[in-house]
$ cat run.cif   # mmCIF, C-alpha atoms and all ligand atoms
data_data
loop_
_atom_site.label_atom_id
_atom_site.label_comp_id
_atom_site.auth_asym_id
_atom_site.auth_seq_id
_atom_site.Cartn_x
_atom_site.Cartn_y
_atom_site.Cartn_z
CA MET A 1 0.00 0.00 0.00
CA LYS A 2 1.33 3.44 -0.95
CA LYS A 3 1.84 6.15 1.66
CA ASP A 4 -1.10 8.37 0.64
CA THR A 5 -3.46 5.37 0.73
CA LYS A 6 -2.24 4.53 4.24
CA PHE A 7 -3.33 7.98 5.47
CA VAL A 8 -6.86 7.09 4.32
CA ALA A 9 -6.99 3.38 5.19
CA SER A 10 -4.89 2.89 8.35
CA GLY A 11 -6.61 2.22 11.66
CA ARG A 12 -10.02 1.52 10.10
CA SER A 13 -10.51 -2.16 10.99
CA LYS A 14 -14.23 -2.92 11.20
CA GLU A 15 -13.47 -4.15 14.72
CA TRP A 16 -12.97 -0.50 15.68
CA THR A 17 -15.35 1.29 13.27
CA ARG A 18 -18.28 -1.15 13.53
CA GLY A 19 -19.10 -0.38 9.89
CA ALA A 20 -18.80 3.38 10.08
CA VAL A 21 -15.96 5.11 8.22
CA ASN A 22 -14.42 6.35 11.48
CA PRO A 23 -13.95 4.56 14.81
CA ALA A 24 -16.35 5.03 17.67
CA VAL A 25 -15.25 7.29 20.53
CA VAL A 26 -15.36 4.80 23.38
CA ARG A 27 -14.85 6.38 26.77
CA ALA A 28 -14.23 4.03 29.70
CA SER A 29 -12.73 3.56 33.10
CA THR A 30 -14.51 0.42 34.33
CA VAL A 31 -15.17 -2.41 31.90
CA VAL A 32 -17.72 -4.96 33.15
CA PHE A 33 -17.67 -8.72 32.42
CA ASP A 34 -20.51 -11.26 32.30
CA SER A 35 -18.55 -13.95 34.08
CA VAL A 36 -15.35 -14.59 36.02
CA SER A 37 -14.02 -16.60 33.10
CA GLU A 38 -14.64 -13.66 30.73
CA MET A 39 -12.78 -11.36 33.15
CA LYS A 40 -9.88 -13.84 33.36
CA LYS A 41 -9.69 -14.07 29.57
CA ALA A 42 -9.62 -10.27 29.21
CA THR A 43 -6.97 -10.08 31.94
CA GLN A 44 -4.79 -12.56 30.10
CA GLN A 45 -5.25 -10.61 26.85
CA ARG A 46 -5.02 -7.11 28.37
CA HIS A 47 -1.73 -6.41 26.55
CA SER A 48 -3.19 -6.85 23.09
CA LYS A 49 -6.02 -4.56 22.08
CA THR A 50 -8.58 -6.10 24.45
CA LEU A 51 -11.14 -4.04 26.37
CA PHE A 52 -9.99 -4.56 29.96
CA TYR A 53 -9.77 -1.24 31.84
CA GLY A 54 -9.68 2.43 30.80
CA ARG A 55 -5.99 2.75 31.46
CA ARG A 56 -5.19 0.07 28.83
CA GLY A 57 -7.23 1.96 26.25
CA THR A 58 -10.43 1.35 24.34
CA SER A 59 -11.10 0.59 20.68
CA THR A 60 -10.54 4.26 19.84
CA ALA A 61 -6.96 3.91 21.12
CA PHE A 62 -6.51 0.56 19.35
CA ALA A 63 -7.51 2.19 16.06
CA PHE A 64 -5.01 5.03 16.51
CA GLN A 65 -2.25 2.64 17.59
CA ASP A 66 -2.88 0.52 14.50
CA ALA A 67 -2.65 3.64 12.34
CA MET A 68 0.65 4.82 13.87
CA ASN A 69 2.16 1.34 13.58
CA GLU A 70 1.11 1.11 9.93
CA LEU A 71 2.46 4.58 9.13
CA GLU A 72 5.78 4.26 10.99
CA GLY A 73 6.33 0.55 10.34
CA GLY A 74 6.30 -0.39 14.01
CA VAL A 75 4.92 -3.39 15.92
CA GLY A 76 3.69 -1.52 18.99
CA CYS A 77 2.71 2.09 19.73
CA ALA A 78 2.55 3.44 23.29
CA LEU A 79 0.37 6.51 23.89
CA TYR A 80 1.07 9.47 26.16
CA PRO A 81 -0.67 12.76 27.06
CA SER A 82 2.04 14.84 25.34
CA GLY A 83 5.20 14.56 23.26
CA THR A 84 7.24 15.34 26.34
CA ALA A 85 5.52 12.47 28.17
CA ALA A 86 6.40 10.17 25.26
CA ILE A 87 10.05 11.21 25.63
CA SER A 88 10.16 10.76 29.42
CA GLY A 89 8.10 7.55 29.27
CA SER A 90 10.37 6.04 26.63
CA LEU A 91 13.59 6.94 28.44
CA LEU A 92 12.29 5.74 31.82
CA SER A 93 11.20 2.46 30.22
CA PHE A 94 14.74 1.51 29.24
CA LEU A 95 17.05 3.23 31.74
CA GLN A 96 17.92 2.54 35.36
CA ALA A 97 20.21 3.99 38.01
CA GLY A 98 23.85 3.68 37.00
CA ASP A 99 23.11 3.81 33.27
CA HIS A 100 24.65 6.30 30.84
CA LEU A 101 22.62 8.14 28.18
CA LEU A 102 23.88 9.95 25.06
CA VAL A 103 21.71 12.88 23.94
CA VAL A 104 22.12 15.18 20.92
CA ASP A 105 23.27 18.68 21.95
CA ASN A 106 20.59 20.57 19.98
CA VAL A 107 17.78 18.65 21.69
CA TYR A 108 14.44 20.26 22.54
CA GLU A 109 15.02 22.25 25.75
CA PRO A 110 12.49 20.43 27.98
CA THR A 111 14.16 17.13 27.00
CA ARG A 112 17.49 18.54 28.17
CA ASP A 113 15.82 19.68 31.39
CA LEU A 114 14.44 16.15 31.92
CA CYS A 115 17.92 14.66 31.53
CA ASP A 116 19.66 17.23 33.72
CA THR A 117 17.17 17.10 36.58
CA LEU A 118 14.83 14.10 36.93
CA LEU A 119 17.01 11.49 35.20
CA SER A 120 20.12 12.80 36.97
CA ARG A 121 18.30 12.55 40.30
CA TYR A 122 17.51 8.91 39.50
CA GLY A 123 21.20 8.20 38.94
CA ILE A 124 21.20 8.29 35.14
CA GLU A 125 24.20 10.13 33.66
CA THR A 126 23.75 12.09 30.43
CA THR A 127 26.48 13.05 27.95
CA TYR A 128 25.54 15.40 25.09
CA TYR A 129 27.02 14.98 21.62
CA ASP A 130 27.51 17.07 18.49
CA PRO A 131 24.49 16.75 16.16
CA LEU A 132 26.91 16.13 13.26
CA ILE A 133 29.09 13.57 15.07
CA GLY A 134 27.89 10.60 13.00
CA ALA A 135 29.85 7.37 13.50
CA ASP A 136 32.39 9.16 15.70
CA ILE A 137 29.80 8.82 18.49
CA GLU A 138 31.54 5.50 19.18
CA ALA A 139 34.24 7.43 21.08
CA LEU A 140 31.62 8.61 23.60
CA ILE A 141 30.28 5.14 24.39
CA GLN A 142 30.93 3.93 27.93
CA PRO A 143 30.51 0.42 29.33
CA ASN A 144 27.25 1.60 30.97
CA THR A 145 25.81 3.39 27.92
CA LYS A 146 22.33 1.99 27.37
CA VAL A 147 20.52 4.54 25.13
CA ILE A 148 21.47 6.99 22.37
CA TYR A 149 18.80 9.69 21.93
CA LEU A 150 18.44 11.51 18.62
CA GLU A 151 16.26 14.40 17.44
CA SER A 152 16.68 15.12 13.74
CA PRO A 153 16.50 17.80 12.66
CA GLY A 154 16.80 19.69 15.93
CA SER A 155 13.58 21.66 16.29
CA LEU A 156 15.28 25.01 16.81
CA THR A 157 18.69 25.04 15.06
CA MET A 158 17.71 22.35 12.52
CA GLU A 159 20.93 20.30 12.19
CA VAL A 160 20.14 16.97 10.43
CA GLN A 161 21.86 13.94 12.00
CA ASP A 162 23.45 10.98 10.23
CA VAL A 163 20.92 8.62 11.79
CA PRO A 164 21.99 5.34 10.11
CA ALA A 165 25.65 5.95 11.00
CA ILE A 166 24.68 6.31 14.66
CA THR A 167 22.23 3.40 14.74
CA HIS A 168 24.89 1.18 13.10
CA VAL A 169 27.37 1.98 15.88
CA ALA A 170 24.68 1.61 18.55
CA ARG A 171 23.63 -1.81 17.30
CA ALA A 172 27.25 -2.99 17.27
CA HIS A 173 27.43 -2.12 20.98
CA GLY A 174 23.99 -3.44 21.95
CA ILE A 175 22.79 0.11 22.67
CA LEU A 176 19.16 1.14 22.08
CA THR A 177 18.42 4.18 19.89
CA MET A 178 15.47 6.53 20.24
CA LEU A 179 14.61 9.14 17.62
CA ASP A 180 12.33 12.12 18.17
CA ASN A 181 10.84 11.94 14.67
CA THR A 182 8.34 14.78 15.13
CA TRP A 183 9.76 16.99 12.36
CA ALA A 184 9.46 14.29 9.68
CA SER A 185 6.19 13.01 11.16
CA PRO A 186 5.26 9.58 9.76
CA VAL A 187 5.23 11.19 6.31
CA ASN A 188 8.86 11.93 5.56
CA LEU A 189 11.11 9.44 7.34
CA GLN A 190 10.82 5.71 8.10
CA PRO A 191 12.76 5.38 11.40
CA PHE A 192 12.99 1.59 11.52
CA GLU A 193 14.44 1.46 8.00
CA LEU A 194 17.31 3.58 9.39
CA GLY A 195 17.88 1.18 12.29
CA VAL A 196 16.09 3.17 15.01
CA ASP A 197 14.61 1.12 17.88
CA VAL A 198 12.04 3.60 19.27
CA SER A 199 10.40 6.37 17.22
CA ILE A 200 8.88 9.21 19.24
CA GLN A 201 6.28 11.62 17.92
CA ALA A 202 4.91 14.74 19.51
CA ALA A 203 1.59 13.99 17.82
CA THR A 204 0.58 17.39 19.19
CA LYS A 205 2.21 18.79 16.04
CA TYR A 206 1.55 17.52 12.51
CA VAL A 207 -0.28 14.28 13.33
CA VAL A 208 -3.09 16.18 15.04
CA GLY A 209 -2.40 19.14 12.77
CA HIS A 210 -4.88 21.62 14.24
CA SER A 211 -3.20 22.88 17.44
CA ASP A 212 -6.03 21.52 19.63
CA VAL A 213 -4.69 18.29 21.21
CA MET A 214 -1.65 17.42 23.35
CA LEU A 215 -0.55 13.88 22.48
CA GLY A 216 2.61 11.75 22.26
CA THR A 217 3.46 8.38 20.78
CA ALA A 218 6.39 5.98 20.99
CA THR A 219 6.45 3.27 18.33
CA THR A 220 8.83 0.35 18.47
CA THR A 221 9.78 -3.05 17.13
CA ALA A 222 8.75 -6.52 18.34
CA GLU A 223 12.02 -6.76 20.25
CA HIS A 224 11.26 -3.81 22.53
CA TRP A 225 7.44 -3.61 22.55
CA ASP A 226 6.79 -5.57 25.77
CA GLN A 227 9.30 -3.48 27.75
CA LEU A 228 8.06 -0.15 26.37
CA ARG A 229 4.39 -1.03 26.81
CA GLU A 230 4.57 -2.44 30.33
CA ASN A 231 6.93 0.20 31.76
CA SER A 232 4.92 3.03 30.21
CA TYR A 233 1.75 1.46 31.64
CA LEU A 234 3.28 1.56 35.12
CA LEU A 235 3.56 5.35 34.83
CA GLY A 236 -0.23 5.42 34.61
CA GLN A 237 -0.55 8.10 31.93
CA CYS A 238 -3.74 7.94 29.86
CA THR A 239 -4.94 9.52 26.65
CA SER A 240 -8.49 10.63 25.97
CA PRO A 241 -10.50 8.77 23.30
CA ASP A 242 -11.76 12.15 22.16
CA ASP A 243 -8.18 13.33 21.59
CA LEU A 244 -7.31 10.06 19.86
CA TYR A 245 -10.31 10.48 17.57
CA LEU A 246 -9.04 13.95 16.64
CA ALA A 247 -5.54 12.53 16.06
CA LEU A 248 -6.98 9.85 13.75
CA ARG A 249 -8.90 12.59 11.95
CA GLY A 250 -5.57 14.46 11.61
CA ILE A 251 -3.93 11.43 9.99
CA ARG A 252 -6.53 11.47 7.19
CA THR A 253 -5.23 14.81 5.88
CA LEU A 254 -1.61 14.48 7.10
CA GLY A 255 -0.26 13.77 3.62
CA VAL A 256 -2.00 16.63 1.86
CA ARG A 257 -1.29 19.08 4.67
CA MET A 258 2.39 18.15 4.72
CA LYS A 259 2.67 18.68 0.94
CA GLN A 260 1.21 22.16 1.28
CA HIS A 261 3.36 23.04 4.31
CA GLN A 262 6.42 21.85 2.35
CA LYS A 263 5.49 23.90 -0.75
CA ASN A 264 4.75 27.05 1.23
CA ALA A 265 7.84 26.75 3.46
CA LEU A 266 10.22 26.23 0.55
CA GLU A 267 8.84 29.32 -1.15
CA LEU A 268 9.48 31.38 2.00
CA ALA A 269 12.90 29.75 2.56
CA TYR A 270 14.13 30.60 -0.95
CA TRP A 271 12.75 34.13 -0.62
CA LEU A 272 14.61 34.61 2.67
CA ALA A 273 17.82 33.10 1.26
CA LYS A 274 18.01 35.94 -1.27
CA ARG A 275 17.69 38.73 1.29
CA ALA A 276 20.75 40.83 2.18
CA ASP A 277 19.77 40.95 5.88
CA VAL A 278 19.67 37.14 6.20
CA ASP A 279 22.97 35.44 7.02
CA HIS A 280 21.68 31.97 6.11
CA VAL A 281 18.55 29.83 6.11
CA ARG A 282 18.49 26.61 8.18
CA HIS A 283 15.90 24.64 6.24
CA PRO A 284 17.01 20.99 5.86
CA ALA A 285 16.15 21.05 2.15
CA LEU A 286 18.62 23.95 1.55
CA ALA A 287 22.38 23.37 1.29
CA THR A 288 22.91 26.09 3.93
CA CYS A 289 21.43 23.83 6.61
CA PRO A 290 23.98 21.72 8.56
CA GLY A 291 23.40 18.05 7.70
CA HIS A 292 21.57 18.89 4.46
CA GLU A 293 23.22 15.86 2.84
CA HIS A 294 21.57 13.59 5.38
CA PHE A 295 18.18 15.17 4.63
CA ILE A 296 18.64 14.49 0.90
CA ARG A 297 19.58 10.85 1.59
CA ASP A 298 17.13 9.92 4.37
CA PHE A 299 13.99 12.09 4.07
CA SER A 300 11.27 11.96 1.43
CA GLY A 301 10.17 15.55 2.00
CA SER A 302 10.01 18.48 4.36
CA ASN A 303 7.45 20.40 6.37
CA GLY A 304 6.67 23.94 7.51
CA LEU A 305 9.24 24.33 10.29
CA PHE A 306 12.62 25.95 9.69
CA SER A 307 14.85 28.68 11.05
CA PHE A 308 16.98 31.47 9.62
CA VAL A 309 19.80 33.55 11.09
CA LEU A 310 19.93 37.31 10.55
CA LYS A 311 23.16 39.22 10.04
CA LYS A 312 22.31 41.59 12.86
CA GLY A 313 19.61 42.55 15.30
CA ASN A 314 18.92 42.98 19.00
CA GLN A 315 16.16 41.92 21.37
CA ALA A 316 14.27 45.18 20.95
CA GLY A 317 14.34 44.64 17.20
CA ILE A 318 13.08 41.06 17.58
CA ASN A 319 10.28 42.28 19.84
CA ALA A 320 9.29 44.98 17.33
CA MET A 321 9.35 42.45 14.51
CA LEU A 322 7.28 39.80 16.27
CA ASP A 323 4.85 42.11 18.04
CA GLY A 324 3.66 43.62 14.78
CA MET A 325 3.19 40.47 12.70
CA GLU A 326 -0.24 40.06 11.14
CA HIS A 327 -0.28 36.40 10.06
CA PHE A 328 2.69 34.91 11.97
CA LYS A 329 1.51 34.41 15.56
CA ILE A 330 3.89 34.26 18.53
CA GLY A 331 3.53 30.86 20.13
CA PHE A 332 5.18 27.70 21.33
CA SER A 333 4.63 24.46 19.44
CA TRP A 334 4.14 24.02 15.65
CA GLY A 335 2.59 21.67 13.12
CA GLY A 336 -0.87 23.15 13.02
CA PHE A 337 -2.47 24.91 10.05
CA GLU A 338 -1.35 28.35 11.26
CA SER A 339 1.93 30.22 10.82
CA LEU A 340 4.00 30.86 13.93
CA ILE A 341 7.19 32.73 14.74
CA LEU A 342 9.76 32.73 17.57
CA GLY A 343 12.92 34.84 17.86
CA HIS A 344 16.07 34.09 19.88
CA MET A 345 19.25 36.09 20.49
CA PRO A 346 22.48 34.10 19.96
CA GLU A 347 23.28 34.00 23.67
CA HIS A 348 19.96 32.21 24.34
CA ILE A 349 20.74 29.57 21.72
CA ALA A 350 24.26 29.18 23.12
CA HIS A 351 22.75 28.68 26.57
CA LEU A 352 20.69 25.75 25.25
CA ARG A 353 23.83 23.80 24.25
CA SER A 354 26.63 22.38 26.36
CA VAL A 355 29.18 20.65 24.10
CA THR A 356 28.93 22.53 20.80
CA ASP A 357 29.46 26.25 20.34
CA TRP A 358 26.73 28.37 18.75
CA GLN A 359 28.92 30.65 16.65
CA GLN A 360 26.25 32.79 15.02
CA THR A 361 26.25 36.46 16.00
CA GLY A 362 22.83 37.43 14.66
CA PRO A 363 19.37 36.50 16.00
CA LEU A 364 17.77 33.18 15.04
CA ILE A 365 14.17 33.35 13.89
CA ARG A 366 12.19 30.11 13.80
CA VAL A 367 9.09 30.06 11.66
CA HIS A 368 6.36 27.53 11.18
CA ILE A 369 4.86 28.09 7.73
CA GLY A 370 1.16 27.32 7.78
CA LEU A 371 -1.43 26.94 5.05
CA GLU A 372 -1.99 30.65 4.46
CA ASP A 373 -1.34 32.22 1.04
CA THR A 374 2.45 32.59 0.70
CA GLN A 375 2.15 36.12 -0.72
CA ASP A 376 0.42 37.22 2.47
CA LEU A 377 3.12 35.50 4.52
CA ILE A 378 5.97 37.04 2.50
CA GLU A 379 4.50 40.53 2.80
CA ASP A 380 3.99 40.01 6.55
CA LEU A 381 7.59 38.80 7.03
CA ASP A 382 8.94 41.61 4.81
CA ARG A 383 7.23 44.25 6.98
CA GLY A 384 8.44 42.46 10.10
CA LEU A 385 12.06 42.39 9.00
CA ALA A 386 11.84 46.09 8.20
CA ARG A 387 10.80 46.72 11.83
CA LEU A 388 13.73 44.68 13.12
CA ALA A 389 16.37 46.53 11.09
C1 LIG A 401 10.86 18.07 18.59
C2 LIG A 401 9.86 18.14 19.72
N1 LIG A 401 9.64 17.04 20.47
C3 LIG A 401 8.79 17.08 21.51
C4 LIG A 401 8.10 18.22 21.82
C5 LIG A 401 7.17 18.21 23.01
O1 LIG A 401 5.87 17.94 22.58
P1 LIG A 401 4.64 18.39 23.50
O2 LIG A 401 4.53 19.88 23.33
O3 LIG A 401 3.47 17.64 22.96
O4 LIG A 401 5.01 17.99 24.90
C6 LIG A 401 8.27 19.36 21.06
C7 LIG A 401 7.48 20.60 21.40
N2 LIG A 401 7.91 21.75 20.72
N3 LIG A 401 7.63 22.94 21.24
C8 LIG A 401 8.28 23.99 20.70
O5 LIG A 401 9.06 23.88 19.79
C9 LIG A 401 7.96 25.34 21.28
N4 LIG A 401 8.28 25.31 22.71
C10 LIG A 401 9.48 25.44 23.09
O6 LIG A 401 10.33 25.58 22.26
C11 LIG A 401 9.83 25.46 24.55
C12 LIG A 401 11.11 25.86 24.81
C13 LIG A 401 11.53 25.96 26.09
C14 LIG A 401 10.69 25.63 27.15
C15 LIG A 401 9.43 25.21 26.93
C16 LIG A 401 8.98 25.10 25.63
N5 LIG A 401 7.66 24.60 25.46
O7 LIG A 401 7.27 24.08 24.40
O8 LIG A 401 6.87 24.66 26.43
C17 LIG A 401 9.19 19.34 20.00
O9 LIG A 401 9.44 20.45 19.25
#
$ encode --input "run.cif" --output "structure tokens"
Amino acid sequence: MKKDTKFVASGRSKEWTRGAVNPAVVRASTVVFDSVSEMKKATQQRHSKTLFYGRRGTSTAFAFQDAMNELEGGVGCALYPSGTAAISGSLLSFLQAGDHLLVVDNVYEPTRDLCDTLLSRYGIETTYYDPLIGADIEALIQPNTKVIYLESPGSLTMEVQDVPAITHVARAHGILTMLDNTWASPVNLQPFELGVDVSIQAATKYVVGHSDVMLGTATTTAEHWDQLRENSYLLGQCTSPDDLYLALRGIRTLGVRMKQHQKNALELAYWLAKRADVDHVRHPALATCPGHEHFIRDFSGSNGLFSFVLKKGNQAGINAMLDGMEHFKIGFSWGGFESLILGHMPEHIAHLRSVTDWQQTGPLIRVHIGLEDTQDLIEDLDRGLARLA
């Protein structure tokens, strides 16, 4: 089945839809049984898409899990109330006190905070590595290294990692790899084909696609599914069937939305690349983005999120630029239908890294290009950049 057909067909087993096109929204805490033997049977089968108790999920969850497995090529998909919960739940499922964790240095800030506080408090040591380290990561491996964590591209500075080079080294050392695959979404990169063991999605972004649900997923292979599922279950985090229904609805248009985000973003990226006030554009599809060669090799497309670095500017200029935007809204997160913008001075970016220097001197602007008309967006950004100057 081709990718675009999967967006339409995945997760629609009649077992979940009962003949409708979409699955039922089944809300439950208690599930009642007609007999002790029926309860025992459900208890024995509680790990595999059986109605047992709210915390294990209902058929709405089973439909969404099927869809994510089909789209990412996984065997099992654990669900969490946010992308950050998917990250913490995945790491906590495979790490214990005394273990060592390797994390990419351009990682999403709350992930860094998780490693430096909660995981550290539980006796898990984190070493950060250069996003472009590739196979040289082998030099950082310790006898107690258990997990290598990747995020590619980094969601702020956009470096694209050499994922297969790292997973090859990890596998040779019996180390598990986890990839935050939110930027590619299930559309533009197949994590397990690159040797990844656990693929994490902040479904909050493109999967849901409408900025109205917080949701995370971690998809994995047969080898690791029992451990991920049962350890995540122990954390007791649940996802609402209503949110999962909206996420399934998001999947139906994920392919067409991503094509439009890609088209719009590339138009803006090329327009910015020609401007005299822009030092360079960090869009993975442009040669000016670090790791561009890995994007060309491993990804089948791009999305609406990229950054660009200005030649000069100060915080007051950034504030003036952002405060006056008409279509680009100031906001955390990304992946919805709307355009967003964030601005960071170089010292803030440098503060977010610990083993690689951020050598840019101008501000970094991160944009999420939505589904608006690109002429409106260009005119908006043009006026904004004039305010910053
Ligand atoms: C790659 C990646 N992976 C996971 C998550 C977290 O998903 P969640 O928002 O569903 O928890 C995200 C969320 N992204 N959010 C943003 O990019 C905007 N927010 C921030 O950058 C940010 C920065 C510092 C501190 C806090 C935040 N924040 O999102 O709250 C992500 O980009």
$ residues_around --input "run.cif" --residues "stretch 353-366 of chain A" --least-positions-apart "2" --cutoff "8 Å" --atoms "only C-alpha atoms" --output "list in words"
Asp105, Asn106, Tyr128, Tyr129, Asp130, Leu156, Asp279, Leu305, Phe306, Ser307, Phe308, Val309, Leu310, Lys311, Lys312, Gly313, Asn314, Ile318, Ile341, Leu342, Gly343, His344, Met345, Pro346, Ile349, Ala350, His351 and His368 of chain A
$ residues_near_ligand --input "run.cif" --ligand "ligand LIG 401 (chain A)" --cutoff "9 Å" --atoms "only C-alpha atoms and all ligand atoms" --output "number ranges by chain"
A: 81-87, 107-111, 113, 151-156, 180-183, 200-205, 213-216, 331-334, 342
$ atom_distance --input "run.cif" --atom1 "atom CA of A:Met321" --atom2 "atom CA of A:Met258"
27.1 Å
$ residues_near_point --input "run.cif" --point "(4.3, 3.3, 8.9)" --cutoff "9 Å" --atoms "only C-alpha atoms" --output "list in words"
Lys3, Lys6, Ala67, Met68, Asn69, Glu70, Leu71, Glu72, Gly73, Gly74, Pro186, Val187 and Gln190 of chain A
$ write_last_selection --input "run.cif" --atoms "C-alpha atoms" --output "mmCIF file, in the frame of the given file"
data_model
loop_
_atom_site.group_PDB
_atom_site.id
_atom_site.type_symbol
_atom_site.label_atom_id
_atom_site.label_comp_id
_atom_site.auth_asym_id
_atom_site.auth_seq_id
_atom_site.Cartn_x
_atom_site.Cartn_y
_atom_site.Cartn_z
ATOM 1 C CA LYS A 3 1.840 6.150 1.660
ATOM 2 C CA LYS A 6 -2.240 4.530 4.240
ATOM 3 C CA ALA A 67 -2.650 3.640 12.340
ATOM 4 C CA MET A 68 0.650 4.820 13.870
ATOM 5 C CA ASN A 69 2.160 1.340 13.580
ATOM 6 C CA GLU A 70 1.110 1.110 9.930
ATOM 7 C CA LEU A 71 2.460 4.580 9.130
ATOM 8 C CA GLU A 72 5.780 4.260 10.990
ATOM 9 C CA GLY A 73 6.330 0.550 10.340
ATOM 10 C CA GLY A 74 6.300 -0.390 14.010
ATOM 11 C CA PRO A 186 5.260 9.580 9.760
ATOM 12 C CA VAL A 187 5.230 11.190 6.310
ATOM 13 C CA GLN A 190 10.820 5.710 8.100
#
$ closest_residue --input "run.cif" --among "A:Ala247, A:Leu268, A:Leu235, A:Cys289" --to "A:Thr60" --atoms "only C-alpha atoms"
A:Ala247
$ atom_distance --input "run.cif" --atom1 "atom CA of A:Arg12" --atom2 "atom CA of A:Phe64"
8.9 Å
$ atom_distance --input "run.cif" --atom1 "atom CA of A:Asp382" --atom2 "atom CA of A:Val256"
27.4 Å
$ residues_around --input "run.cif" --residues "stretch 290-301 of chain A" --least-positions-apart "2" --cutoff "12 Å" --atoms "all atoms listed in the file" --output "PyMOL selection string"
chain A and resi 3+106+130-134+152-154+157-165+181+183-195+255+258-263+265-266+280-288+303-304+307
